[in-house]
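Each remark here refers to the structure printed beneath this line.
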Amino acid sequence: MKEITEAIRQELTDLIFNYYAEECEVDRDSITMDTNPQEDLESDSLMFVELIELTSEKYDLDVKLQSIGKYLLKTPMNSMKDVVDMFCKIYQYGNEIVNQ
């Protein structure tokens, strides 16, 4: 299990916000922790999968989409805070995210 430091959390937050800003063609400063990725940014599941792959490569994480899918069934992503929290858990727990 990897440790989530404040620096790692901020790095993940920046990565996620920058990704959504670029992919959704919105100003980075318009995205807040309360922003709903689907409703406010019109993101889709393919973008989410690409973000998972990008993060997995950057941090050398071995996580299966099936594990993330199971986690998402019980924890919906209704805000950017939810997305950041989930990516912190992916970083920390990998495939064990389903047990969190």
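Going through the structure tokens in order, the chains are called A, B, and so on, while each chain numbers its residues from 1 and the ligands are numbered from 1 in the order shown.
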
Selection near range 92-95 of chain A, 12 Å with only C-alpha atoms, sequence-local residues under 6 positions removed, as a count of residues only:
26

Could you give me the residues within range 39-80 of chain A that DSSP places in alpha helix (DSSP H), as a ChimeraX atom specification?
/A:45-59,65-74,80

Selection from above, N, CA and C atoms, as a PDB file, in the first residue's frame, can you write it?
ATOM      1  N   SER A  45     -17.707   8.315 -20.106  1.00  0.00           N
ATOM      2  CA  SER A  45     -16.968   7.199 -19.503  1.00  0.00           C
ATOM      3  C   SER A  45     -15.645   6.934 -20.211  1.00  0.00           C
ATOM      4  N   LEU A  46     -15.566   7.189 -21.498  1.00  0.00           N
ATOM      5  CA  LEU A  46     -14.315   6.977 -22.220  1.00  0.00           C
ATOM      6  C   LEU A  46     -13.231   7.925 -21.698  1.00  0.00           C
ATOM      7  N   MET A  47     -13.603   9.164 -21.435  1.00  0.00           N
ATOM      8  CA  MET A  47     -12.645  10.114 -20.863  1.00  0.00           C
ATOM      9  C   MET A  47     -12.155   9.622 -19.507  1.00  0.00           C
ATOM     10  N   PHE A  48     -13.067   9.072 -18.730  1.00  0.00           N
ATOM     11  CA  PHE A  48     -12.724   8.562 -17.407  1.00  0.00           C
ATOM     12  C   PHE A  48     -11.735   7.402 -17.517  1.00  0.00           C
ATOM     13  N   VAL A  49     -11.973   6.509 -18.465  1.00  0.00           N
ATOM     14  CA  VAL A  49     -11.071   5.376 -18.684  1.00  0.00           C
ATOM     15  C   VAL A  49      -9.689   5.877 -19.110  1.00  0.00           C
ATOM     16  N   GLU A  50      -9.661   6.863 -20.004  1.00  0.00           N
ATOM     17  CA  GLU A  50      -8.381   7.421 -20.440  1.00  0.00           C
ATOM     18  C   GLU A  50      -7.623   8.053 -19.272  1.00  0.00           C
ATOM     19  N   LEU A  51      -8.347   8.712 -18.384  1.00  0.00           N
ATOM     20  CA  LEU A  51      -7.719   9.315 -17.212  1.00  0.00           C
ATOM     21  C   LEU A  51      -7.142   8.232 -16.296  1.00  0.00           C
ATOM     22  N   ILE A  52      -7.841   7.141 -16.141  1.00  0.00           N
ATOM     23  CA  ILE A  52      -7.335   6.017 -15.341  1.00  0.00           C
ATOM     24  C   ILE A  52      -6.050   5.481 -15.956  1.00  0.00           C
ATOM     25  N   GLU A  53      -6.041   5.299 -17.277  1.00  0.00           N
ATOM     26  CA  GLU A  53      -4.846   4.787 -17.952  1.00  0.00           C
ATOM     27  C   GLU A  53      -3.680   5.761 -17.822  1.00  0.00           C
ATOM     28  N   LEU A  54      -3.946   7.051 -17.984  1.00  0.00           N
ATOM     29  CA  LEU A  54      -2.916   8.076 -17.849  1.00  0.00           C
ATOM     30  C   LEU A  54      -2.309   8.058 -16.448  1.00  0.00           C
ATOM     31  N   THR A  55      -3.161   7.988 -15.457  1.00  0.00           N
ATOM     32  CA  THR A  55      -2.704   7.973 -14.069  1.00  0.00           C
ATOM     33  C   THR A  55      -1.935   6.692 -13.758  1.00  0.00           C
ATOM     34  N   SER A  56      -2.431   5.571 -14.262  1.00  0.00           N
ATOM     35  CA  SER A  56      -1.754   4.286 -14.046  1.00  0.00           C
ATOM     36  C   SER A  56      -0.340   4.304 -14.618  1.00  0.00           C
ATOM     37  N   GLU A  57      -0.194   4.879 -15.807  1.00  0.00           N
ATOM     38  CA  GLU A  57       1.127   4.963 -16.429  1.00  0.00           C
ATOM     39  C   GLU A  57       2.045   5.900 -15.649  1.00  0.00           C
ATOM     40  N   LYS A  58       1.535   7.065 -15.303  1.00  0.00           N
ATOM     41  CA  LYS A  58       2.351   8.077 -14.618  1.00  0.00           C
ATOM     42  C   LYS A  58       2.890   7.568 -13.282  1.00  0.00           C
ATOM     43  N   TYR A  59       2.058   6.855 -12.539  1.00  0.00           N
ATOM     44  CA  TYR A  59       2.438   6.408 -11.192  1.00  0.00           C
ATOM     45  C   TYR A  59       2.773   4.917 -11.121  1.00  0.00           C
ATOM     46  N   LEU A  65      -9.622  -2.274 -14.622  1.00  0.00           N
ATOM     47  CA  LEU A  65     -10.862  -1.509 -14.779  1.00  0.00           C
ATOM     48  C   LEU A  65     -12.021  -2.200 -14.077  1.00  0.00           C
ATOM     49  N   GLN A  66     -11.983  -3.516 -14.009  1.00  0.00           N
ATOM     50  CA  GLN A  66     -13.035  -4.267 -13.323  1.00  0.00           C
ATOM     51  C   GLN A  66     -13.088  -3.884 -11.841  1.00  0.00           C
ATOM     52  N   SER A  67     -11.945  -3.718 -11.211  1.00  0.00           N
ATOM     53  CA  SER A  67     -11.900  -3.314  -9.804  1.00  0.00           C
ATOM     54  C   SER A  67     -12.480  -1.924  -9.625  1.00  0.00           C
ATOM     55  N   ILE A  68     -12.118  -1.015 -10.515  1.00  0.00           N
ATOM     56  CA  ILE A  68     -12.635   0.351 -10.439  1.00  0.00           C
ATOM     57  C   ILE A  68     -14.139   0.352 -10.696  1.00  0.00           C
ATOM     58  N   GLY A  69     -14.582  -0.457 -11.648  1.00  0.00           N
ATOM     59  CA  GLY A  69     -16.012  -0.562 -11.938  1.00  0.00           C
ATOM     60  C   GLY A  69     -16.809  -1.015 -10.731  1.00  0.00           C
ATOM     61  N   LYS A  70     -16.304  -1.979 -10.012  1.00  0.00           N
ATOM     62  CA  LYS A  70     -16.987  -2.455  -8.803  1.00  0.00           C
ATOM     63  C   LYS A  70     -17.049  -1.360  -7.747  1.00  0.00           C
ATOM     64  N   TYR A  71     -15.959  -0.604  -7.618  1.00  0.00           N
ATOM     65  CA  TYR A  71     -15.938   0.506  -6.669  1.00  0.00           C
ATOM     66  C   TYR A  71     -16.973   1.560  -7.067  1.00  0.00           C
ATOM     67  N   LEU A  72     -17.051   1.849  -8.360  1.00  0.00           N
ATOM     68  CA  LEU A  72     -17.977   2.880  -8.844  1.00  0.00           C
ATOM     69  C   LEU A  72     -19.444   2.497  -8.652  1.00  0.00           C
ATOM     70  N   LEU A  73     -19.732   1.201  -8.617  1.00  0.00           N
ATOM     71  CA  LEU A  73     -21.114   0.763  -8.391  1.00  0.00           C
ATOM     72  C   LEU A  73     -21.628   1.214  -7.032  1.00  0.00           C
ATOM     73  N   LYS A  74     -20.729   1.290  -6.053  1.00  0.00           N
ATOM     74  CA  LYS A  74     -21.159   1.686  -4.709  1.00  0.00           C
ATOM     75  C   LYS A  74     -20.781   3.130  -4.369  1.00  0.00           C
ATOM     76  N   MET A  80     -16.013  16.650  -8.552  1.00  0.00           N
ATOM     77  CA  MET A  80     -14.576  16.471  -8.757  1.00  0.00           C
ATOM     78  C   MET A  80     -13.910  15.989  -7.463  1.00  0.00           C
TER      79      MET A  80
END

Can you work out the spacing between CA of Glu6 in chain A and CA of Asp44 in chain A in Å, to one decimal?
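Pair CA of Glu6 in chain A / CA of Asp44 in chain A returns 28.1 Å.
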